[in-house]
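File shown: protein19.cif (mmCIF, C-alpha atoms).
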```cif
data_model
#
loop_
_atom_site.label_atom_id
_atom_site.label_comp_id
_atom_site.auth_asym_id
_atom_site.auth_seq_id
_atom_site.Cartn_x
_atom_site.Cartn_y
_atom_site.Cartn_z
CA MET A 1 3.67 30.70 23.43
CA LYS A 2 2.41 31.18 19.86
CA THR A 3 4.97 33.96 19.30
CA LYS A 4 7.77 31.75 20.54
CA CYS A 5 6.62 28.90 18.29
CA PHE A 6 6.57 31.22 15.28
CA MET A 7 10.02 32.64 16.03
CA VAL A 8 11.51 29.18 16.45
CA PHE A 9 10.02 28.16 13.13
CA LEU A 10 11.47 31.23 11.41
CA LEU A 11 14.91 30.46 12.78
CA ALA A 12 14.60 26.93 11.47
CA LEU A 13 14.19 28.25 7.95
CA LEU A 14 17.77 29.54 8.07
CA PHE A 15 19.36 26.19 8.84
CA LEU A 16 17.21 23.50 7.27
CA THR A 17 18.80 20.35 5.96
CA LEU A 18 17.11 19.43 2.69
CA ILE A 19 17.46 16.35 0.50
CA PRO A 20 16.36 15.92 -3.14
CA LYS A 21 12.99 14.27 -3.67
CA ASN A 22 12.60 10.82 -5.15
CA LEU A 23 8.93 10.34 -4.25
CA SER A 24 6.19 12.46 -5.78
CA ALA A 25 2.99 11.54 -3.94
CA ARG A 26 1.75 13.40 -0.90
CA VAL A 27 -1.16 12.97 1.46
CA ASN A 28 -3.20 15.96 2.55
CA GLY A 29 -4.87 14.63 5.68
CA GLN A 30 -6.03 11.57 7.54
CA ASP A 31 -9.68 12.12 6.63
CA ASP A 32 -8.95 12.02 2.90
CA TYR A 33 -7.34 8.58 2.83
CA TYR A 34 -7.53 5.03 4.06
CA TYR A 35 -4.13 3.83 5.25
CA ARG A 36 -3.42 0.14 4.77
CA ASP A 37 -0.28 -1.87 5.55
CA PHE A 38 0.48 -5.08 3.66
CA GLU A 39 3.04 -7.79 4.34
CA TRP A 40 3.80 -10.90 2.33
CA ASP A 41 6.58 -13.42 1.76
CA TYR A 42 8.25 -14.06 -1.56
CA ASP A 43 11.65 -15.22 -2.69
CA GLY A 44 12.73 -16.02 0.86
CA ARG A 45 12.05 -12.50 2.11
CA THR A 46 9.29 -10.57 3.79
CA TRP A 47 7.93 -7.67 1.76
CA THR A 48 6.07 -4.70 3.22
CA TRP A 49 4.02 -1.94 1.64
CA SER A 50 1.91 0.89 3.02
CA LEU A 51 -0.77 2.40 0.80
CA SER A 52 -2.73 5.63 1.16
CA ILE A 53 -5.97 4.99 -0.72
CA PRO A 54 -8.20 7.98 -1.57
CA ARG A 55 -11.40 7.85 0.42
CA TYR A 56 -13.53 9.43 -2.28
CA LEU A 57 -12.45 6.78 -4.80
CA TYR A 58 -13.46 3.99 -2.42
CA GLU A 59 -16.79 5.70 -1.79
CA GLU A 60 -17.34 6.04 -5.54
CA TYR A 61 -17.07 2.27 -5.92
CA GLN A 62 -19.14 1.66 -2.80
CA SER A 63 -22.00 3.57 -4.43
CA VAL A 64 -22.35 0.94 -7.20
CA PRO A 65 -25.45 -1.16 -6.38
CA VAL A 66 -25.04 -4.88 -5.79
CA PHE A 67 -27.51 -5.53 -8.63
CA ASP A 68 -25.11 -3.96 -11.14
CA ARG A 69 -22.22 -6.01 -9.78
CA LEU A 70 -24.13 -9.27 -10.21
CA ARG A 71 -26.13 -8.41 -13.32
CA ASP A 72 -24.18 -10.66 -15.71
CA GLY A 73 -23.08 -13.28 -13.19
CA PRO A 74 -19.51 -14.60 -12.87
CA GLY A 75 -19.03 -14.30 -16.62
CA GLY A 76 -19.58 -10.56 -16.36
CA TYR A 77 -16.93 -9.69 -13.81
CA GLY A 78 -15.17 -7.68 -16.48
CA PHE A 79 -17.44 -4.94 -15.12
CA LEU A 80 -15.38 -4.97 -11.91
CA THR A 81 -11.98 -5.45 -13.58
CA THR A 82 -11.01 -1.79 -13.59
CA THR A 83 -7.83 -1.73 -15.64
CA ASN A 84 -8.49 1.92 -16.52
CA ASP A 85 -8.53 3.02 -12.87
CA TYR A 86 -5.59 5.40 -12.50
CA TYR A 87 -4.92 4.40 -8.89
CA ILE A 88 -4.94 0.65 -9.60
CA GLU A 89 -2.73 1.27 -12.62
CA SER A 90 -0.25 2.92 -10.27
CA VAL A 91 -0.46 0.02 -7.81
CA ALA A 92 0.41 -2.36 -10.65
CA GLU A 93 3.26 -0.12 -11.77
CA LYS A 94 4.72 0.01 -8.26
CA LEU A 95 4.60 -3.78 -7.95
CA GLN A 96 6.20 -4.14 -11.36
CA GLU A 97 8.85 -1.60 -10.41
CA ALA A 98 9.73 -3.61 -7.30
CA ALA A 99 9.89 -6.84 -9.33
CA ASN A 100 12.08 -5.22 -11.99
CA GLY A 101 14.39 -3.97 -9.27
CA GLU A 102 14.99 -7.58 -8.27
CA GLY A 103 15.56 -8.68 -11.87
CA TYR A 104 12.59 -11.05 -11.75
CA SER A 105 11.56 -13.00 -14.83
CA SER A 106 7.99 -12.73 -16.11
CA PHE A 107 7.10 -15.91 -14.21
CA ASP A 108 8.55 -14.54 -10.97
CA GLU A 109 6.92 -11.16 -11.53
CA VAL A 110 3.46 -12.72 -11.75
CA SER A 111 4.28 -15.00 -8.80
CA PHE A 112 5.35 -11.95 -6.78
CA VAL A 113 2.01 -10.24 -7.41
CA LEU A 114 0.14 -13.48 -6.69
CA ALA A 115 1.87 -13.73 -3.30
CA PHE A 116 0.85 -10.14 -2.54
CA VAL A 117 -2.81 -10.85 -3.32
CA GLN A 118 -2.76 -14.15 -1.41
CA SER A 119 -1.65 -12.28 1.72
CA LEU A 120 -5.05 -10.56 1.99
CA ASP A 121 -7.51 -11.98 4.48
CA TYR A 122 -10.25 -14.32 3.32
CA THR A 123 -13.66 -13.07 4.40
CA SER A 124 -17.18 -14.20 3.52
CA ASP A 125 -19.55 -11.80 1.79
CA ASN A 126 -22.46 -12.56 4.10
CA VAL A 127 -20.32 -11.51 7.07
CA THR A 128 -18.69 -8.38 5.62
CA SER A 129 -21.46 -7.06 3.36
CA GLY A 130 -24.71 -8.70 4.42
CA TYR A 131 -25.15 -10.17 0.93
CA ASP A 132 -24.67 -13.79 -0.10
CA GLU A 133 -22.64 -12.51 -3.05
CA TYR A 134 -20.98 -9.10 -3.16
CA PRO A 135 -18.11 -8.98 -5.67
CA ARG A 136 -15.72 -6.12 -4.95
CA PHE A 137 -13.83 -3.70 -7.12
CA PRO A 138 -10.02 -3.84 -6.67
CA VAL A 139 -9.90 -0.60 -4.66
CA GLU A 140 -12.55 -1.98 -2.30
CA THR A 141 -10.57 -5.18 -1.76
CA LEU A 142 -7.45 -3.18 -0.88
CA VAL A 143 -9.30 -0.93 1.57
CA ASP A 144 -11.21 -3.87 3.08
CA ASN A 145 -7.89 -5.74 3.23
CA GLY A 146 -9.41 -8.88 1.78
CA GLY A 147 -12.51 -10.60 0.51
CA ASP A 148 -13.56 -13.96 -0.84
CA CYS A 149 -12.37 -15.84 -3.92
CA GLU A 150 -13.91 -13.60 -6.56
CA ASP A 151 -12.67 -10.43 -4.84
CA THR A 152 -9.01 -11.46 -4.72
CA SER A 153 -9.29 -12.96 -8.21
CA ILE A 154 -10.63 -9.68 -9.59
CA LEU A 155 -7.80 -7.77 -7.92
CA PHE A 156 -5.14 -10.17 -9.22
CA ALA A 157 -6.59 -10.26 -12.73
CA THR A 158 -6.76 -6.47 -12.89
CA LEU A 159 -3.13 -6.10 -11.82
CA THR A 160 -1.82 -8.73 -14.24
CA LEU A 161 -3.80 -7.31 -17.16
CA ILE A 162 -2.37 -3.86 -16.48
CA MET A 163 1.11 -5.40 -16.36
CA GLY A 164 0.54 -6.85 -19.82
CA TYR A 165 -0.20 -10.52 -19.12
CA GLY A 166 -2.92 -12.50 -20.85
CA THR A 167 -5.55 -13.22 -18.22
CA VAL A 168 -8.91 -14.98 -17.95
CA TYR A 169 -11.19 -15.94 -15.10
CA ILE A 170 -11.58 -19.62 -14.24
CA ASN A 171 -14.86 -20.62 -12.62
CA PRO A 172 -14.89 -24.13 -11.10
CA PRO A 173 -18.07 -25.10 -9.24
CA ASN A 174 -18.67 -22.65 -6.36
CA HIS A 175 -15.25 -21.07 -6.77
CA TYR A 176 -13.42 -18.36 -8.69
CA ALA A 177 -9.80 -18.14 -9.79
CA VAL A 178 -7.55 -16.72 -12.51
CA GLY A 179 -5.75 -18.16 -15.51
CA ILE A 180 -2.47 -16.66 -16.74
CA LEU A 181 -1.41 -17.18 -20.35
CA GLY A 182 1.74 -19.28 -20.63
CA ASP A 183 3.59 -22.02 -22.47
CA ASP A 184 5.51 -25.07 -21.25
CA LEU A 185 5.09 -24.30 -17.54
CA ASP A 186 4.68 -26.85 -14.79
CA GLY A 187 1.25 -27.41 -13.33
CA TYR A 188 -2.39 -27.38 -14.33
CA TYR A 189 -3.77 -25.28 -17.12
CA PHE A 190 -7.02 -24.72 -18.99
CA THR A 191 -7.43 -24.13 -22.69
CA TYR A 192 -9.43 -21.26 -24.12
CA ASP A 193 -9.42 -20.06 -27.72
CA GLU A 194 -6.55 -22.50 -28.44
CA LYS A 195 -4.37 -20.90 -25.76
CA THR A 196 -3.22 -22.31 -22.44
CA TYR A 197 -3.96 -20.47 -19.21
CA TYR A 198 -2.28 -21.71 -16.04
CA TYR A 199 -4.41 -21.87 -12.95
CA CYS A 200 -3.73 -19.29 -10.19
CA GLU A 201 -5.36 -19.71 -6.79
CA THR A 202 -5.73 -16.33 -5.07
CA THR A 203 -7.14 -17.43 -1.70
CA GLY A 204 -4.69 -18.73 0.88
CA LYS A 205 -0.93 -18.37 0.96
CA GLY A 206 1.62 -20.52 -0.80
CA TRP A 207 -0.24 -21.53 -3.96
CA LYS A 208 2.06 -21.32 -6.99
CA ILE A 209 1.18 -20.74 -10.62
CA GLY A 210 -0.19 -24.06 -11.89
CA ASP A 211 -1.16 -25.39 -8.44
CA LEU A 212 -4.73 -26.68 -8.56
CA PRO A 213 -6.62 -27.49 -5.34
CA GLU A 214 -7.33 -31.19 -5.08
CA ASP A 215 -11.10 -30.61 -5.06
CA PHE A 216 -10.94 -29.26 -8.61
CA ILE A 217 -8.70 -31.87 -10.24
CA GLY A 218 -10.69 -33.54 -13.01
CA VAL A 219 -13.60 -31.13 -12.52
CA GLU A 220 -14.91 -29.02 -15.39
CA ALA A 221 -14.59 -25.26 -15.06
CA SER A 222 -15.95 -22.37 -17.07
CA ILE A 223 -13.46 -20.03 -18.70
CA CYS A 224 -14.56 -16.40 -18.66
CA PRO A 225 -12.75 -13.98 -20.97
CA ILE A 226 -12.33 -10.49 -19.56
CA ARG A 227 -13.92 -7.88 -21.78
CA ASP A 228 -12.45 -4.51 -20.88
CA TRP A 229 -15.25 -2.60 -22.58
CA LEU A 230 -17.58 -3.85 -19.82
CA GLN A 231 -15.64 -2.25 -16.98
CA TYR A 232 -17.10 0.39 -14.74
CA VAL A 233 -15.38 3.77 -14.99
CA PRO A 234 -15.43 5.81 -11.76
CA ASP A 235 -16.29 9.48 -11.85
CA TYR A 236 -13.16 11.28 -10.68
CA VAL A 237 -10.61 13.74 -12.02
CA TYR A 238 -7.26 12.80 -10.49
CA VAL A 239 -6.04 10.28 -7.96
CA PRO A 240 -2.46 10.56 -6.63
CA PRO A 241 -0.45 7.36 -7.09
CA PRO A 242 0.63 5.17 -4.18
CA SER A 243 4.07 5.76 -2.78
CA PRO A 244 6.58 4.31 -2.15
CA THR A 245 7.14 0.93 -3.80
CA PRO A 246 6.97 -2.36 -1.88
CA SER A 247 10.14 -3.08 0.08
CA SER A 248 11.85 -6.20 1.33
CA GLY A 249 14.43 -4.26 3.29
CA GLU A 250 14.39 -0.52 3.79
CA ASP A 251 10.94 0.61 4.90
CA MET A 252 9.90 4.05 3.64
CA ILE A 253 6.35 4.74 4.77
CA GLU A 254 4.06 7.75 4.59
CA VAL A 255 2.37 8.45 7.94
CA TYR A 256 0.15 11.19 9.33
CA VAL A 257 1.42 12.76 12.57
CA THR A 258 -1.35 13.14 15.15
CA GLU A 259 0.62 14.09 18.27
CA VAL A 260 4.13 15.19 19.15
CA VAL A 261 5.11 13.75 22.54
CA ASP A 262 8.40 15.60 22.93
CA GLY A 263 11.31 16.77 20.81
CA ASP A 264 12.19 13.31 19.49
CA THR A 265 8.98 11.23 19.70
CA PHE A 266 5.56 11.37 18.04
CA HIS A 267 2.41 9.31 17.40
CA THR A 268 0.81 8.65 14.00
CA PHE A 269 -2.69 8.03 12.71
CA GLN A 270 -1.56 4.58 11.54
CA GLY A 271 -0.78 3.55 15.12
CA TYR A 272 3.01 3.94 15.06
CA THR A 273 4.96 5.56 17.86
CA VAL A 274 8.11 6.96 16.25
CA ARG A 275 11.44 7.72 17.93
CA LEU A 276 13.75 9.87 15.82
CA ALA A 277 16.99 7.98 15.21
CA ASP A 278 20.29 9.10 16.72
CA VAL A 279 19.03 12.33 18.26
CA ASP A 280 18.24 13.06 21.90
CA ALA A 281 15.94 15.93 22.90
CA PRO A 282 15.33 17.11 26.49
CA GLU A 283 12.91 15.04 28.56
CA PHE A 284 9.97 16.50 30.50
CA GLY A 285 11.28 18.66 33.34
CA GLU A 286 14.65 19.23 31.67
CA VAL A 287 15.84 22.57 30.29
CA GLY A 288 14.77 22.98 26.67
CA PHE A 289 11.90 20.47 26.79
CA SER A 290 9.19 22.97 25.83
CA GLU A 291 11.26 24.58 23.10
CA SER A 292 12.19 21.30 21.40
CA THR A 293 8.63 20.00 21.62
CA ILE A 294 7.19 23.21 20.15
CA PHE A 295 9.76 23.14 17.36
CA LEU A 296 8.88 19.58 16.36
CA GLU A 297 5.15 20.38 16.59
CA SER A 298 5.61 23.35 14.26
CA LEU A 299 7.32 21.12 11.71
CA ILE A 300 5.26 17.94 11.60
CA GLU A 301 2.13 17.85 13.79
CA ASN A 302 -1.05 17.30 11.74
CA LYS A 303 1.05 16.73 8.64
CA THR A 304 2.13 13.77 6.53
CA VAL A 305 5.78 12.74 6.75
CA ILE A 306 7.86 9.90 5.37
CA ILE A 307 9.58 7.66 7.89
CA ASP A 308 12.60 5.50 7.06
CA ILE A 309 12.43 2.63 9.56
CA ASP A 310 15.71 1.21 10.82
CA ASP A 311 16.48 -2.09 9.05
CA ILE A 312 18.50 -3.53 11.95
CA SER A 313 16.54 -3.04 15.16
CA ARG A 314 13.32 -1.50 13.79
CA THR A 315 12.14 -0.63 17.32
CA ASP A 316 13.74 0.53 20.55
CA PRO A 317 13.26 -1.21 23.94
CA TYR A 318 10.00 0.72 24.40
CA GLY A 319 8.49 -0.55 21.15
CA ARG A 320 8.89 2.75 19.30
CA PHE A 321 9.92 2.63 15.63
CA VAL A 322 13.42 4.06 15.19
CA CYS A 323 13.36 6.27 12.10
CA LEU A 324 14.75 9.04 10.00
CA VAL A 325 11.88 11.43 9.29
CA PHE A 326 11.40 13.49 6.13
CA LEU A 327 8.94 16.32 5.55
CA ASP A 328 7.71 17.41 2.13
CA TRP A 329 9.33 20.85 2.05
CA ASN A 330 8.98 22.15 -1.51
CA SER A 331 8.62 20.90 -5.08
CA THR A 332 12.16 19.52 -5.21
CA HIS A 333 13.30 18.66 -1.68
CA TYR A 334 12.40 16.96 1.58
CA LEU A 335 13.47 18.25 4.98
CA ASN A 336 15.50 15.87 7.16
CA VAL A 337 13.67 16.45 10.46
CA ASN A 338 16.31 14.67 12.57
CA GLN A 339 19.02 16.96 11.23
CA ALA A 340 16.84 20.06 11.61
CA LEU A 341 16.54 19.39 15.36
CA ILE A 342 20.33 19.19 15.62
CA ASN A 343 20.88 22.31 13.51
CA GLU A 344 18.50 24.35 15.66
CA HIS A 345 20.07 23.06 18.91
CA HIS A 346 16.83 21.41 20.07
CA ALA A 347 18.52 18.01 20.27
CA VAL A 348 21.99 16.53 20.40
CA ILE A 349 23.48 13.69 18.40
CA ASP A 350 23.22 10.36 20.20
CA ASP A 351 24.73 7.83 17.81
CA PHE A 352 23.41 4.41 18.76
CA SER A 353 25.44 1.55 17.30
CA ASN A 354 22.51 -0.86 17.04
CA ASN A 355 20.83 0.79 14.06
CA GLU A 356 21.67 1.42 10.41
CA PHE A 357 21.89 5.22 10.61
#
```

Entire entry expressed as structure tokens:
Amino acid sequence: MKTKCFMVFLLALLFLTLIPKNLSARVNGQDDYYYRDFEWDYDGRTWTWSLSIPRYLYEEYQSVPVFDRLRDGPGGYGFLTTTNDYYIESVAEKLQEAANGEGYSSFDEVSFVLAFVQSLDYTSDNVTSGYDEYPRFPVETLVDNGGDCEDTSILFATLTLIMGYGTVYINPPNHYAVGILGDDLDGYYFTYDEKTYYYCETTGKGWKIGDLPEDFIGVEASICPIRDWLQYVPDYVYVPPPSPTPSSGEDMIEVYVTEVVDGDTFHTFQGYTVRLADVDAPEFGEVGFSESTIFLESLIENKTVIIDIDDISRTDPYGRFVCLVFLDWNSTHYLNVNQALINEHHAVIDDFSNNEF
């Protein structure tokens, strides 16, 4: 069986269908990363984004004692505002890239990022950490997929600072929020150092720049400047950037393949069951079943691939995601796995009319 698998793989090398790369990041294995999926609404559309977050970076931040996080109180959260973190820089760049692709103004760009942060779950520190107060670093908030008001505020402030926007923390009684530098905007603002910072609520969906919760109208709040020289610098050499960018239409997602079911279906670590689009491989008991299954295993099992999810139907009647699948083949190209199955005669074309492919 191993010999047959190896021979099939060698034959495949002769007929591979390759496409030029436009994504540079790769994931080496499920144990090295936390995989998180995000979904939020903005500009009348639903946006999706899947991130692969390095485990060792998260663990580096987790090792910071709670005493150090709280040492200077809410006014010292510049310690957690890690604008020099390479991974968070890349997250901000990807969000900005998506906003630029839509032609968003500066106001819409910040609003877009605010909607992303607001989509994270609100959780209480005493439930998730065992501490009454446990402010999180941005990477921790992404991996934990949420936090309380200071956690989402720290994440939002870090992203907007990296993107070049003037940002401060706003600290009403028993709450934490962000102020974005602006002029002549609608809504509530606070003044600091003769500049106006518009209130941004990061907990709960739907709050716009300048929207102030009713409980804080007419209430004094402390303004906390963010001093970047205070920030904690993690001990790491290189962190690969997230990929791809957020999408409101075409979904391109990195997934780790845990099991090949047959020649056109597989399971992923992220919980997806994927059906290769517009190809049909032999079913169990049919001639060619073993060969097609072994071929697909040799290509993608226990590897990271990129799936392009169908924009029209997304899933088939069995709940499987209908996708084109791409494998990182060399430094310049990806392998189109669907086409490789056809080229090697392990599947036939079955052109369904209810998908985009």

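Around the coordinate (4.9, -16.8, -0.2), residues that reach within 10 Å when counting all atoms listed in the file are Trp40, Asp41, Tyr42, Asp43, Gly44, Arg45, Thr46, Trp47, Ser111, Phe112, Leu114, Ala115, Phe116, Gln118, Ser119, Gly204, Lys205, Gly206, Trp207 and Lys208 of chain A.
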
Go through stretch 174-204 of chain A residue by residue and, counting only C-alpha atoms, keep those with an atom at most 12 Å from stretch 61-85 of chain A; for each kept residue give the shortest atom pair and its distance in Å to one decimal, ordered by chain and increasing number, as JSON lines.
```
{"residue": "A:Asn174", "atom": "CA", "partner": "A:Pro74", "partner_atom": "CA", "distance": 10.4}
{"residue": "A:His175", "atom": "CA", "partner": "A:Pro74", "partner_atom": "CA", "distance": 9.9}
{"residue": "A:Tyr176", "atom": "CA", "partner": "A:Pro74", "partner_atom": "CA", "distance": 8.3}
{"residue": "A:Ala177", "atom": "CA", "partner": "A:Pro74", "partner_atom": "CA", "distance": 10.8}
{"residue": "A:Val178", "atom": "CA", "partner": "A:Tyr77", "partner_atom": "CA", "distance": 11.8}
```

Q.
Under the PyMOL selection byres ((chain A and resi 197) around 12), which residues of this model are included? Write them out as a count of residues only.
A. 34

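Coordinates place atom CA of A:Pro282 at a distance of 12.3 Å from atom CA of A:Phe295.
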
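We find atom CA of A:Asp228 and atom CA of A:Tyr122 to be spaced 26.2 Å apart.
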